[in-house]
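Asks: The file below is start20.cif, mmCIF, C-alpha atoms:
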data_upload
#
loop_
_atom_site.label_atom_id
_atom_site.label_comp_id
_atom_site.auth_asym_id
_atom_site.auth_seq_id
_atom_site.Cartn_x
_atom_site.Cartn_y
_atom_site.Cartn_z
CA MET A 1 -18.91 -70.77 -30.01
CA ALA A 2 -19.01 -71.21 -33.77
CA LYS A 3 -17.18 -68.65 -35.86
CA GLU A 4 -17.16 -67.81 -39.55
CA LEU A 5 -15.21 -65.50 -41.84
CA LYS A 6 -16.86 -62.68 -43.73
CA LEU A 7 -15.44 -60.07 -46.11
CA MET A 8 -16.80 -56.68 -45.14
CA LYS A 9 -16.10 -53.00 -44.73
CA GLY A 10 -15.22 -51.57 -41.35
CA ASN A 11 -18.58 -49.83 -41.19
CA GLU A 12 -20.38 -53.07 -41.97
CA ALA A 13 -18.36 -54.81 -39.26
CA VAL A 14 -19.67 -52.33 -36.68
CA ALA A 15 -23.22 -53.10 -37.75
CA GLU A 16 -22.61 -56.85 -37.74
CA GLY A 17 -20.95 -56.62 -34.33
CA ALA A 18 -23.99 -54.84 -32.96
CA ILE A 19 -26.42 -57.47 -34.26
CA ARG A 20 -24.38 -60.45 -33.13
CA SER A 21 -23.49 -59.14 -29.66
CA GLY A 22 -27.12 -58.74 -28.62
CA VAL A 23 -27.56 -54.98 -28.89
CA ASP A 24 -31.11 -53.86 -28.13
CA GLY A 25 -31.36 -50.74 -30.23
CA TYR A 26 -29.62 -48.54 -32.77
CA PHE A 27 -30.70 -44.94 -33.39
CA GLY A 28 -28.79 -43.02 -36.03
CA TYR A 29 -28.75 -40.68 -38.97
CA PRO A 30 -26.86 -41.06 -42.26
CA ILE A 31 -23.68 -39.09 -42.88
CA THR A 32 -20.62 -39.91 -44.97
CA PRO A 33 -18.30 -41.78 -44.40
CA GLN A 34 -20.29 -43.98 -41.98
CA SER A 35 -23.64 -44.39 -43.73
CA GLU A 36 -22.97 -48.08 -44.46
CA ILE A 37 -23.53 -48.82 -40.77
CA LEU A 38 -27.17 -47.80 -40.94
CA GLU A 39 -27.55 -49.28 -44.44
CA HIS A 40 -26.17 -52.66 -43.34
CA LEU A 41 -28.42 -52.73 -40.28
CA MET A 42 -31.49 -51.97 -42.40
CA ALA A 43 -30.54 -54.62 -44.95
CA GLU A 44 -29.91 -57.32 -42.35
CA ARG A 45 -33.29 -56.80 -40.64
CA PRO A 46 -31.94 -57.67 -37.16
CA TYR A 47 -35.38 -57.45 -35.54
CA GLU A 48 -36.19 -60.77 -37.20
CA LYS A 49 -32.99 -62.36 -35.83
CA THR A 50 -32.59 -61.00 -32.30
CA GLY A 51 -35.35 -58.45 -31.79
CA MET A 52 -32.93 -55.55 -32.17
CA VAL A 53 -34.61 -52.24 -33.04
CA VAL A 54 -33.05 -50.11 -35.81
CA LEU A 55 -34.44 -46.64 -36.33
CA GLN A 56 -33.30 -43.77 -38.54
CA ALA A 57 -33.98 -40.72 -36.42
CA GLU A 58 -34.90 -37.31 -37.84
CA SER A 59 -31.54 -35.87 -36.76
CA GLU A 60 -28.38 -36.57 -34.79
CA THR A 61 -29.84 -34.65 -31.86
CA ALA A 62 -32.88 -36.91 -31.84
CA SER A 63 -30.80 -40.07 -32.12
CA ILE A 64 -28.58 -39.32 -29.10
CA ASN A 65 -31.62 -38.54 -26.98
CA MET A 66 -33.21 -41.83 -28.05
CA VAL A 67 -30.00 -43.49 -26.85
CA TYR A 68 -30.37 -41.61 -23.55
CA GLY A 69 -33.85 -43.04 -23.06
CA GLY A 70 -32.86 -46.60 -23.95
CA ALA A 71 -29.77 -46.47 -21.73
CA ALA A 72 -31.90 -45.31 -18.79
CA CYS A 73 -33.78 -48.60 -19.09
CA GLY A 74 -30.59 -50.65 -18.88
CA LYS A 75 -30.70 -51.54 -22.57
CA ARG A 76 -27.63 -51.87 -24.77
CA VAL A 77 -28.22 -49.00 -27.18
CA MET A 78 -25.93 -47.15 -29.56
CA THR A 79 -25.59 -44.57 -32.27
CA THR A 80 -23.04 -43.81 -34.97
CA SER A 81 -22.12 -40.73 -36.93
CA SER A 82 -19.25 -38.73 -38.37
CA SER A 83 -17.60 -35.54 -37.14
CA PRO A 84 -20.27 -32.82 -37.71
CA GLY A 85 -22.97 -35.23 -36.55
CA ILE A 86 -21.03 -36.04 -33.38
CA SER A 87 -20.78 -32.30 -32.70
CA LEU A 88 -24.58 -32.12 -32.70
CA MET A 89 -24.70 -34.97 -30.16
CA GLN A 90 -22.40 -33.35 -27.59
CA GLU A 91 -25.13 -32.05 -25.28
CA GLY A 92 -26.81 -35.45 -25.19
CA ILE A 93 -23.51 -37.25 -24.58
CA SER A 94 -22.82 -34.96 -21.62
CA TYR A 95 -26.32 -35.68 -20.26
CA ILE A 96 -25.71 -39.44 -20.55
CA ALA A 97 -22.37 -39.10 -18.76
CA GLY A 98 -23.95 -36.90 -16.08
CA ALA A 99 -26.76 -39.40 -15.54
CA GLU A 100 -24.11 -42.16 -15.31
CA LEU A 101 -25.59 -44.31 -18.04
CA PRO A 102 -23.88 -46.85 -20.33
CA ALA A 103 -24.10 -46.30 -24.08
CA LEU A 104 -21.96 -46.68 -27.18
CA VAL A 105 -21.20 -43.98 -29.76
CA VAL A 106 -19.19 -44.61 -32.93
CA ASN A 107 -17.45 -41.74 -34.76
CA VAL A 108 -16.04 -42.46 -38.23
CA VAL A 109 -14.04 -39.24 -38.49
CA ARG A 110 -13.90 -37.02 -41.57
CA GLY A 111 -11.84 -33.94 -42.31
CA GLY A 112 -12.81 -30.57 -40.92
CA PRO A 113 -13.30 -28.04 -39.48
CA GLY A 114 -16.87 -27.27 -40.41
CA LEU A 115 -18.48 -29.56 -42.96
CA GLY A 116 -14.96 -30.01 -44.36
CA THR A 117 -14.56 -33.07 -46.51
CA ILE A 118 -15.83 -36.63 -46.53
CA GLN A 119 -12.24 -37.92 -46.61
CA PRO A 120 -10.54 -39.53 -43.56
CA SER A 121 -9.15 -37.57 -40.65
CA GLN A 122 -8.19 -37.97 -36.99
CA ALA A 123 -8.96 -34.39 -36.02
CA ASP A 124 -11.68 -35.31 -33.49
CA TYR A 125 -9.16 -36.47 -30.87
CA PHE A 126 -9.61 -33.34 -28.72
CA GLN A 127 -13.38 -33.48 -29.00
CA THR A 128 -13.43 -37.10 -27.88
CA THR A 129 -10.75 -37.37 -25.22
CA LYS A 130 -11.01 -33.94 -23.65
CA GLY A 131 -14.80 -33.81 -23.46
CA GLY A 132 -16.52 -32.17 -26.42
CA GLY A 133 -19.57 -31.27 -24.39
CA HIS A 134 -19.93 -29.34 -21.15
CA GLY A 135 -18.88 -30.37 -17.67
CA ASP A 136 -16.21 -32.60 -16.13
CA TYR A 137 -16.76 -35.89 -17.91
CA ARG A 138 -14.78 -38.44 -19.89
CA LEU A 139 -15.56 -40.85 -22.71
CA ILE A 140 -13.98 -44.29 -22.60
CA THR A 141 -12.41 -44.25 -26.06
CA LEU A 142 -11.37 -47.21 -28.21
CA ALA A 143 -9.36 -46.69 -31.41
CA PRO A 144 -9.60 -49.63 -33.85
CA ALA A 145 -6.86 -50.19 -36.42
CA SER A 146 -8.55 -52.97 -38.42
CA VAL A 147 -11.94 -54.12 -39.60
CA GLN A 148 -11.74 -56.98 -37.09
CA GLU A 149 -11.36 -54.49 -34.26
CA MET A 150 -14.32 -52.49 -35.58
CA TYR A 151 -16.32 -55.67 -35.01
CA ASP A 152 -14.73 -56.67 -31.70
CA PHE A 153 -14.84 -53.23 -30.12
CA VAL A 154 -18.64 -53.05 -30.25
CA GLU A 155 -18.92 -55.73 -27.59
CA LEU A 156 -15.89 -54.41 -25.71
CA GLY A 157 -17.31 -50.89 -25.79
CA PHE A 158 -20.56 -52.05 -24.20
CA GLU A 159 -18.67 -54.13 -21.64
CA LEU A 160 -16.70 -51.09 -20.49
CA ALA A 161 -19.70 -48.77 -20.68
CA PHE A 162 -21.74 -50.99 -18.35
CA ARG A 163 -18.79 -51.69 -16.05
CA TYR A 164 -18.33 -47.98 -15.38
CA ARG A 165 -21.85 -46.70 -16.14
CA ASN A 166 -20.39 -44.26 -18.63
CA PRO A 167 -20.69 -43.68 -22.38
CA ALA A 168 -17.96 -45.25 -24.51
CA MET A 169 -16.85 -44.21 -27.98
CA ILE A 170 -15.25 -46.09 -30.84
CA LEU A 171 -13.12 -43.45 -32.58
CA SER A 172 -12.44 -44.61 -36.11
CA ASP A 173 -11.93 -42.78 -39.41
CA GLY A 174 -12.85 -43.03 -43.06
CA VAL A 175 -9.94 -45.34 -43.85
CA ILE A 176 -10.92 -48.04 -41.34
CA GLY A 177 -14.62 -47.46 -42.01
CA GLN A 178 -14.33 -47.99 -45.77
CA VAL A 179 -11.54 -50.57 -46.14
CA MET A 180 -12.59 -54.21 -46.71
CA GLU A 181 -10.95 -57.10 -44.81
CA LYS A 182 -11.77 -60.57 -43.57
CA VAL A 183 -13.58 -60.56 -40.24
CA GLU A 184 -14.14 -63.46 -37.87
CA VAL A 185 -17.71 -63.22 -36.58
CA THR A 186 -19.41 -65.20 -33.84
CA ASP A 187 -22.89 -66.64 -33.40
CA TYR A 188 -25.78 -64.35 -32.52
CA LYS A 189 -25.98 -63.68 -28.79
CA PRO A 190 -29.40 -63.25 -27.19
CA ARG A 191 -30.46 -59.86 -25.91
CA TRP A 192 -30.77 -59.39 -22.18
CA THR A 193 -34.21 -60.03 -20.73
CA ASN A 194 -36.00 -57.41 -18.64
CA GLU A 195 -35.71 -59.77 -15.67
CA TYR A 196 -31.94 -59.96 -16.10
CA ILE A 197 -31.65 -56.18 -16.37
CA ALA A 198 -33.76 -55.59 -13.25
CA LYS A 199 -31.67 -58.08 -11.26
CA THR A 200 -28.24 -57.01 -12.54
CA PHE A 201 -28.65 -53.24 -12.85
CA PRO A 202 -30.70 -51.97 -9.90
CA TRP A 203 -30.37 -48.37 -11.16
CA ALA A 204 -32.29 -49.06 -14.39
CA ALA A 205 -35.76 -47.58 -14.92
CA VAL A 206 -37.60 -50.82 -15.63
CA GLY A 207 -40.61 -50.40 -13.38
CA LYS A 208 -40.88 -49.90 -9.62
CA PRO A 209 -41.33 -52.95 -7.39
CA ALA A 210 -42.88 -52.46 -3.97
CA HIS A 211 -39.63 -52.92 -2.03
CA ARG A 212 -37.73 -49.85 -3.33
CA ASN A 213 -38.11 -46.20 -4.18
CA HIS A 214 -38.39 -44.84 -7.69
CA ASN A 215 -35.29 -44.89 -9.90
CA ILE A 216 -34.91 -41.30 -11.08
CA ILE A 217 -32.61 -40.95 -14.09
CA THR A 218 -31.40 -37.39 -14.48
CA SER A 219 -28.26 -35.30 -14.86
CA LEU A 220 -29.86 -32.34 -13.06
CA GLU A 221 -29.08 -31.47 -9.44
CA LEU A 222 -29.91 -27.97 -8.19
CA ASP A 223 -28.19 -28.42 -4.81
CA SER A 224 -24.53 -27.48 -5.36
CA LEU A 225 -23.27 -29.60 -2.48
CA LYS A 226 -25.05 -32.66 -3.86
CA GLN A 227 -23.77 -31.92 -7.37
CA GLU A 228 -20.25 -31.75 -6.00
CA GLN A 229 -20.70 -35.22 -4.51
CA VAL A 230 -21.91 -36.47 -7.90
CA ASN A 231 -18.76 -35.09 -9.49
CA ILE A 232 -16.55 -36.60 -6.79
CA ARG A 233 -18.14 -40.00 -7.38
CA ILE A 234 -17.72 -39.71 -11.15
CA GLN A 235 -14.07 -38.65 -10.88
CA LYS A 236 -13.35 -41.57 -8.54
CA LYS A 237 -14.83 -43.87 -11.18
CA TYR A 238 -12.59 -42.33 -13.83
CA LYS A 239 -9.52 -42.90 -11.66
CA GLU A 240 -10.45 -46.57 -11.41
CA CYS A 241 -10.86 -46.74 -15.17
CA GLU A 242 -7.44 -45.16 -15.68
CA ALA A 243 -5.90 -47.74 -13.34
CA LYS A 244 -7.54 -50.81 -14.88
CA GLU A 245 -8.52 -50.25 -18.51
CA VAL A 246 -5.47 -48.94 -20.38
CA ARG A 247 -4.93 -50.87 -23.61
CA TYR A 248 -2.11 -50.56 -26.13
CA GLU A 249 0.03 -52.49 -28.60
CA MET A 250 3.81 -52.32 -28.89
CA ILE A 251 5.43 -53.22 -32.22
CA GLN A 252 9.20 -53.76 -32.48
CA CYS A 253 9.87 -51.70 -29.38
CA GLU A 254 12.35 -54.11 -27.76
CA ASP A 255 15.43 -52.62 -29.45
CA ALA A 256 13.89 -49.36 -30.68
CA GLU A 257 16.03 -46.24 -30.61
CA TYR A 258 13.20 -44.09 -31.97
CA LEU A 259 9.46 -44.34 -31.45
CA PHE A 260 6.32 -43.66 -33.43
CA VAL A 261 3.14 -43.05 -31.43
CA ALA A 262 0.06 -43.48 -33.61
CA TYR A 263 -3.45 -44.91 -33.46
CA GLY A 264 -5.98 -46.23 -35.94
CA SER A 265 -5.11 -45.96 -39.61
CA SER A 266 -2.00 -43.87 -38.83
CA ALA A 267 -0.64 -46.80 -36.83
CA ARG A 268 -1.06 -49.08 -39.84
CA ILE A 269 0.88 -46.62 -42.00
CA CYS A 270 3.61 -46.47 -39.36
CA GLN A 271 4.08 -50.23 -39.46
CA LYS A 272 5.19 -49.94 -43.09
CA SER A 273 7.35 -46.94 -42.16
CA ILE A 274 9.09 -49.11 -39.56
CA GLU A 275 9.82 -51.71 -42.22
CA LEU A 276 11.33 -49.08 -44.50
CA ALA A 277 13.35 -47.53 -41.65
CA ARG A 278 14.83 -50.81 -40.47
CA LYS A 279 15.98 -51.61 -43.98
CA GLU A 280 18.07 -48.45 -43.66
CA GLY A 281 19.36 -49.46 -40.24
CA ILE A 282 17.13 -47.08 -38.29
CA LYS A 283 15.67 -48.91 -35.30
CA VAL A 284 12.13 -47.61 -34.92
CA GLY A 285 9.25 -49.02 -32.88
CA LEU A 286 5.57 -48.21 -32.57
CA LEU A 287 3.37 -47.62 -29.56
CA ARG A 288 -0.27 -47.90 -30.67
CA PRO A 289 -2.75 -46.62 -28.09
CA ILE A 290 -5.88 -48.77 -28.25
CA THR A 291 -7.58 -46.75 -25.52
CA LEU A 292 -7.16 -43.07 -26.29
CA TRP A 293 -8.78 -42.46 -22.94
CA PRO A 294 -7.49 -43.74 -20.66
CA PHE A 295 -4.24 -42.92 -22.47
CA PRO A 296 -1.25 -45.32 -22.06
CA SER A 297 0.90 -42.70 -20.31
CA LYS A 298 2.82 -45.07 -18.03
CA ILE A 299 4.19 -47.33 -20.75
CA LEU A 300 5.03 -44.30 -22.88
CA LYS A 301 6.94 -42.83 -19.96
CA GLU A 302 8.97 -46.04 -19.70
CA LEU A 303 9.64 -46.19 -23.43
CA SER A 304 10.77 -42.57 -23.42
CA LYS A 305 13.68 -43.56 -21.18
CA GLN A 306 14.86 -45.98 -23.87
CA VAL A 307 14.57 -43.96 -27.08
CA LYS A 308 16.27 -40.88 -28.53
CA GLY A 309 13.17 -39.27 -29.97
CA ILE A 310 9.42 -39.67 -30.49
CA LEU A 311 7.27 -38.80 -33.49
CA SER A 312 3.52 -38.48 -32.94
CA VAL A 313 1.90 -39.42 -36.25
CA GLU A 314 -1.68 -38.22 -36.68
CA MET A 315 -4.01 -37.28 -39.50
CA SER A 316 -4.50 -33.90 -37.86
CA ALA A 317 -2.64 -30.68 -37.14
CA GLY A 318 -1.40 -32.25 -33.91
CA GLN A 319 -3.69 -33.21 -31.03
CA MET A 320 -2.57 -36.48 -29.46
CA ILE A 321 0.94 -35.04 -29.23
CA GLU A 322 -0.21 -33.06 -26.19
CA ASP A 323 -0.84 -36.30 -24.29
CA VAL A 324 2.43 -37.73 -25.59
CA LYS A 325 4.37 -34.75 -24.25
CA LEU A 326 2.60 -34.93 -20.90
CA ALA A 327 3.64 -38.58 -20.55
CA VAL A 328 7.31 -37.97 -21.40
CA GLU A 329 9.24 -36.62 -18.42
CA CYS A 330 12.82 -36.82 -19.70
CA LYS A 331 14.29 -34.29 -22.12
CA LEU A 332 14.14 -35.73 -25.62
CA PRO A 333 12.63 -34.46 -28.87
CA VAL A 334 8.89 -35.09 -29.25
CA GLU A 335 7.64 -33.93 -32.63
CA HIS A 336 4.46 -34.16 -34.67
CA PHE A 337 3.89 -35.22 -38.25
CA GLY A 338 0.49 -35.17 -39.85
CA ARG A 339 -1.50 -34.56 -42.97
CA PHE A 340 -4.96 -33.11 -42.57
CA GLY A 341 -8.02 -32.04 -44.50
CA GLY A 342 -8.55 -35.64 -45.62
CA ILE A 343 -5.03 -36.35 -46.93
CA ILE A 344 -3.62 -39.76 -45.97
CA PRO A 345 0.17 -39.74 -45.42
CA THR A 346 2.39 -42.34 -47.07
CA PRO A 347 4.87 -44.53 -45.16
CA SER A 348 7.77 -42.82 -46.90
CA GLU A 349 6.47 -39.39 -45.83
CA VAL A 350 6.39 -40.56 -42.22
CA LEU A 351 9.94 -41.88 -42.46
CA ASP A 352 11.13 -38.64 -44.07
CA ALA A 353 9.54 -36.69 -41.23
CA LEU A 354 11.38 -38.82 -38.68
CA LYS A 355 14.69 -38.13 -40.43
CA LYS A 356 14.12 -34.39 -40.73
CA GLN A 357 12.57 -33.72 -37.32
CA ILE A 358 14.21 -36.24 -34.98
CA LEU A 359 17.39 -37.83 -36.38
#
Represent the structure contained in this file as structure tokens.
Replies:
Amino acid sequence: MAKELKLMKGNEAVAEGAIRSGVDGYFGYPITPQSEILEHLMAERPYEKTGMVVLQAESETASINMVYGGAACGKRVMTTSSSPGISLMQEGISYIAGAELPALVVNVVRGGPGLGTIQPSQADYFQTTKGGGHGDYRLITLAPASVQEMYDFVELGFELAFRYRNPAMILSDGVIGQVMEKVEVTDYKPRWTNEYIAKTFPWAAVGKPAHRNHNIITSLELDSLKQEQVNIRIQKKYKECEAKEVRYEMIQCEDAEYLFVAYGSSARICQKSIELARKEGIKVGLLRPITLWPFPSKILKELSKQVKGILSVEMSAGQMIEDVKLAVECKLPVEHFGRFGGIIPTPSEVLDALKKQIL
């Protein structure tokens, strides 16, 4: 497959990834700092290239329900937003999870709470990984740390969403969304035909042939015993996902005596902090979770047996640290360092925090 290099923002890479991976439809609403996704899609006119539909909905609530409808038909459909907009989508996301439908949601996080600021943050970790809406459901969550991963994770997100019939989320932030880098893009892939969808996804609402009953897509079940069986089936699916889909990156962990745990833009900052620390003779490594759910608990448990202390670095008041502490069984210091409200920490600040809180 032919590839080419393009210089683009992280937000633009998401849009380009959607067009080139054969997405059927995008339904969204502008909000900073992710508006370039919708703008790039409108400018590229993907309907003329692949037949992809791009529609600016009247609200975030409308857009997630459009995604619900498209997903019910077995189509690859997606939406994007930023923190307050994602909050408005929570009911619809829970409906999609309850109906066991595949869809992709992208959150380019900004500082909060409330309307907050348009500057970068990672304070939506709880909302994303613990279920921001109602009910016992999970979002398969990918955390890109580069513009290339913003592009690549669109296709990966859909792959996982369809494999487990569950919504997936790309959890990014304003740093990754706005930074410009070279991206390797592939040729345009064709969209799935209705015939392919009907053959491959027998649950999809694509018309009723004579040989089967109606496909009823709903998250509603008034019989409690039946609803319990739905939940049991969904939880079994999540256990399978936890066993098979954990993704992470380890950087200079072989001889590490101390460990940073960080994702997304914080992980990139930590890589420079490691360089500064090792110049001072402090052996630090980095565990970068790529899937925030399922979280890489097992490898973190193993690394915790090797190191003397762990610093969870987040652009928040401390959210991922809860999962870090749950993964660590031995007695060693596990501390948090973070800036929030849209402030981006410097590598030297991270190193200073390690020295003050762990060493």
Asks: Choose the residue, out of A:Leu354, A:Leu55, A:Ile274, A:Met78, that has the smallest atom-to-atom separation from A:Glu335; count all atoms listed in the file.
Replies: A:Leu354
Asks: I need the output of the PyMOL selection byres ((chain A and resi 249) around 8) for this file as number ranges by chain; which residues are they?
Replies: A: 247-248, 250-251, 287-290
Asks: Please put the answer as JSON: centre and edge lengths, in Å with one decimal, of a box along x, y and z that encloses all listed atoms of stretch 181-184 of chain A plus 4 Å on each side.
Replies:
{"center_x": -12.5, "center_y": -60.3, "center_z": -41.3, "size_x": 11.2, "size_y": 14.4, "size_z": 14.9}
Asks: Distance cut-off 10 Å, centre (-22.0, -40.0, -44.3) in file coordinates, counting all atoms listed in the file: which residues qualify? Return them as a PyMOL selection string.
Replies: chain A and resi 29-38+81-85+108-110+118+174
Asks: Taking C-alpha atoms for each residue, export the selection above as a compact mmCIF listing (two decimals), keeping the file's coordinate frame.
Replies:
# COMPACT_ATOMS: atom_id res chain seq x y z
CA TYR A 29 -28.75 -40.68 -38.97
CA PRO A 30 -26.86 -41.06 -42.26
CA ILE A 31 -23.68 -39.09 -42.88
CA THR A 32 -20.62 -39.91 -44.97
CA PRO A 33 -18.30 -41.78 -44.40
CA GLN A 34 -20.29 -43.98 -41.98
CA SER A 35 -23.64 -44.39 -43.73
CA GLU A 36 -22.97 -48.08 -44.46
CA ILE A 37 -23.53 -48.82 -40.77
CA LEU A 38 -27.17 -47.80 -40.94
CA SER A 81 -22.12 -40.73 -36.93
CA SER A 82 -19.25 -38.73 -38.37
CA SER A 83 -17.60 -35.54 -37.14
CA PRO A 84 -20.27 -32.82 -37.71
CA GLY A 85 -22.97 -35.23 -36.55
CA VAL A 108 -16.04 -42.46 -38.23
CA VAL A 109 -14.04 -39.24 -38.49
CA ARG A 110 -13.90 -37.02 -41.57
CA ILE A 118 -15.83 -36.63 -46.53
CA GLY A 174 -12.85 -43.03 -43.06
Asks: As a check of understanding, name the residues that the PyMOL selection byres ((chain A and resi 150) around 10) selects in the supplied structure, as a PyMOL selection string.
Replies: chain A and resi 9-17+106+142-149+151-155+170-172+176-177+183
Asks: With C-alpha atoms retained, could you export that selection as a PDB file, keeping the file's coordinate frame?
Replies:
ATOM      1  CA  LYS A   9     -16.100 -53.000 -44.730  1.00  0.00           C
ATOM      2  CA  GLY A  10     -15.220 -51.570 -41.350  1.00  0.00           C
ATOM      3  CA  ASN A  11     -18.580 -49.830 -41.190  1.00  0.00           C
ATOM      4  CA  GLU A  12     -20.380 -53.070 -41.970  1.00  0.00           C
ATOM      5  CA  ALA A  13     -18.360 -54.810 -39.260  1.00  0.00           C
ATOM      6  CA  VAL A  14     -19.670 -52.330 -36.680  1.00  0.00           C
ATOM      7  CA  ALA A  15     -23.220 -53.100 -37.750  1.00  0.00           C
ATOM      8  CA  GLU A  16     -22.610 -56.850 -37.740  1.00  0.00           C
ATOM      9  CA  GLY A  17     -20.950 -56.620 -34.330  1.00  0.00           C
ATOM     10  CA  VAL A 106     -19.190 -44.610 -32.930  1.00  0.00           C
ATOM     11  CA  LEU A 142     -11.370 -47.210 -28.210  1.00  0.00           C
ATOM     12  CA  ALA A 143      -9.360 -46.690 -31.410  1.00  0.00           C
ATOM     13  CA  PRO A 144      -9.600 -49.630 -33.850  1.00  0.00           C
ATOM     14  CA  ALA A 145      -6.860 -50.190 -36.420  1.00  0.00           C
ATOM     15  CA  SER A 146      -8.550 -52.970 -38.420  1.00  0.00           C
ATOM     16  CA  VAL A 147     -11.940 -54.120 -39.600  1.00  0.00           C
ATOM     17  CA  GLN A 148     -11.740 -56.980 -37.090  1.00  0.00           C
ATOM     18  CA  GLU A 149     -11.360 -54.490 -34.260  1.00  0.00           C
ATOM     19  CA  TYR A 151     -16.320 -55.670 -35.010  1.00  0.00           C
ATOM     20  CA  ASP A 152     -14.730 -56.670 -31.700  1.00  0.00           C
ATOM     21  CA  PHE A 153     -14.840 -53.230 -30.120  1.00  0.00           C
ATOM     22  CA  VAL A 154     -18.640 -53.050 -30.250  1.00  0.00           C
ATOM     23  CA  GLU A 155     -18.920 -55.730 -27.590  1.00  0.00           C
ATOM     24  CA  ILE A 170     -15.250 -46.090 -30.840  1.00  0.00           C
ATOM     25  CA  LEU A 171     -13.120 -43.450 -32.580  1.00  0.00           C
ATOM     26  CA  SER A 172     -12.440 -44.610 -36.110  1.00  0.00           C
ATOM     27  CA  ILE A 176     -10.920 -48.040 -41.340  1.00  0.00           C
ATOM     28  CA  GLY A 177     -14.620 -47.460 -42.010  1.00  0.00           C
ATOM     29  CA  VAL A 183     -13.580 -60.560 -40.240  1.00  0.00           C
TER      30      VAL A 183
END
Asks: Rank A:Lys237, A:Ala277, A:Phe340, A:Thr141 by their smallest atom-to-atom distance to A:Pro294, using all atoms listed in the file, and report the top residue only.
Replies: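 For A:Pro294, the nearest of the given residues is A:Thr141.
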Asks: In Å, with one decimal, what is the gap from atom CA of A:Tyr68 to atom CA of A:Leu101?
Replies: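 The value is 7.8 Å.
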Asks: Point out the residue among A:Lys355, A:Lys331, A:Arg45, A:Arg233 with the least atom-to-atom distance to A:Gln306, counting all atoms listed in the file.
Replies: A:Lys331
Asks: Taking the file as I've supplied it (selection: the PyMOL selection byres ((chain A and resi 70) around 10)), which residues are included? Please answer as a PyMOL selection string.
Replies: chain A and resi 24-27+64-69+71-78+101-103+204-205
Asks: Looking at A:Val105, A:Ala243, A:Ala168, A:Met89, which one is nearest to A:Gly133, with distances taken over all atoms listed in the file?
Replies: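 For A:Gly133, the nearest of the given residues is A:Met89.
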Asks: Need the shell around A:Glu91: protein/DNA/RNA residues with any atom at most 9 Å away, counting all atoms listed in the file. Skip same-chain ones fewer than 2 positions apart. Format as an mmCIF file with C-alpha atoms, in the frame of the given file?
Replies:
data_model
loop_
_atom_site.group_PDB
_atom_site.id
_atom_site.type_symbol
_atom_site.label_atom_id
_atom_site.label_comp_id
_atom_site.auth_asym_id
_atom_site.auth_seq_id
_atom_site.Cartn_x
_atom_site.Cartn_y
_atom_site.Cartn_z
ATOM 1 C CA THR A 61 -29.840 -34.650 -31.860
ATOM 2 C CA ILE A 64 -28.580 -39.320 -29.100
ATOM 3 C CA SER A 87 -20.780 -32.300 -32.700
ATOM 4 C CA LEU A 88 -24.580 -32.120 -32.700
ATOM 5 C CA MET A 89 -24.700 -34.970 -30.160
ATOM 6 C CA ILE A 93 -23.510 -37.250 -24.580
ATOM 7 C CA SER A 94 -22.820 -34.960 -21.620
ATOM 8 C CA TYR A 95 -26.320 -35.680 -20.260
ATOM 9 C CA ILE A 96 -25.710 -39.440 -20.550
ATOM 10 C CA GLY A 132 -16.520 -32.170 -26.420
ATOM 11 C CA GLY A 133 -19.570 -31.270 -24.390
ATOM 12 C CA HIS A 134 -19.930 -29.340 -21.150
#
Asks: Is there a way to get, as number ranges by chain, all residues within 9 Å of the point (8.5, -36.4, -40.7) in file coordinates, counting only C-alpha atoms?
Replies: A: 311, 313, 335-338, 348-358
Asks: Please, could N, CA and C atoms be added to stretch 344-352 of chain A and the result written as a PDB file, in the frame of the given file?
Replies:
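Okay, result-v9.pdb is ready:
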ATOM      1  N   ILE A 344      -4.198 -38.621 -46.673  1.00  0.00           N
ATOM      2  CA  ILE A 344      -3.620 -39.760 -45.970  1.00  0.00           C
ATOM      3  C   ILE A 344      -2.117 -39.780 -46.231  1.00  0.00           C
ATOM      4  N   PRO A 345      -1.276 -39.741 -45.196  1.00  0.00           N
ATOM      5  CA  PRO A 345       0.170 -39.740 -45.420  1.00  0.00           C
ATOM      6  C   PRO A 345       0.650 -41.106 -45.911  1.00  0.00           C
ATOM      7  N   THR A 346       1.775 -41.094 -46.607  1.00  0.00           N
ATOM      8  CA  THR A 346       2.390 -42.340 -47.070  1.00  0.00           C
ATOM      9  C   THR A 346       3.452 -42.782 -46.070  1.00  0.00           C
ATOM     10  N   PRO A 347       3.801 -44.061 -46.054  1.00  0.00           N
ATOM     11  CA  PRO A 347       4.870 -44.530 -45.160  1.00  0.00           C
ATOM     12  C   PRO A 347       6.193 -43.805 -45.377  1.00  0.00           C
ATOM     13  N   SER A 348       6.512 -43.511 -46.626  1.00  0.00           N
ATOM     14  CA  SER A 348       7.770 -42.820 -46.900  1.00  0.00           C
ATOM     15  C   SER A 348       7.745 -41.391 -46.367  1.00  0.00           C
ATOM     16  N   GLU A 349       6.587 -40.728 -46.403  1.00  0.00           N
ATOM     17  CA  GLU A 349       6.470 -39.390 -45.830  1.00  0.00           C
ATOM     18  C   GLU A 349       6.714 -39.416 -44.320  1.00  0.00           C
ATOM     19  N   VAL A 350       6.193 -40.433 -43.668  1.00  0.00           N
ATOM     20  CA  VAL A 350       6.390 -40.560 -42.220  1.00  0.00           C
ATOM     21  C   VAL A 350       7.870 -40.773 -41.909  1.00  0.00           C
ATOM     22  N   LEU A 351       8.521 -41.636 -42.675  1.00  0.00           N
ATOM     23  CA  LEU A 351       9.940 -41.880 -42.460  1.00  0.00           C
ATOM     24  C   LEU A 351      10.757 -40.610 -42.729  1.00  0.00           C
ATOM     25  N   ASP A 352      10.435 -39.893 -43.775  1.00  0.00           N
ATOM     26  CA  ASP A 352      11.130 -38.640 -44.070  1.00  0.00           C
ATOM     27  C   ASP A 352      10.969 -37.632 -42.931  1.00  0.00           C
TER      28      ASP A 352
END
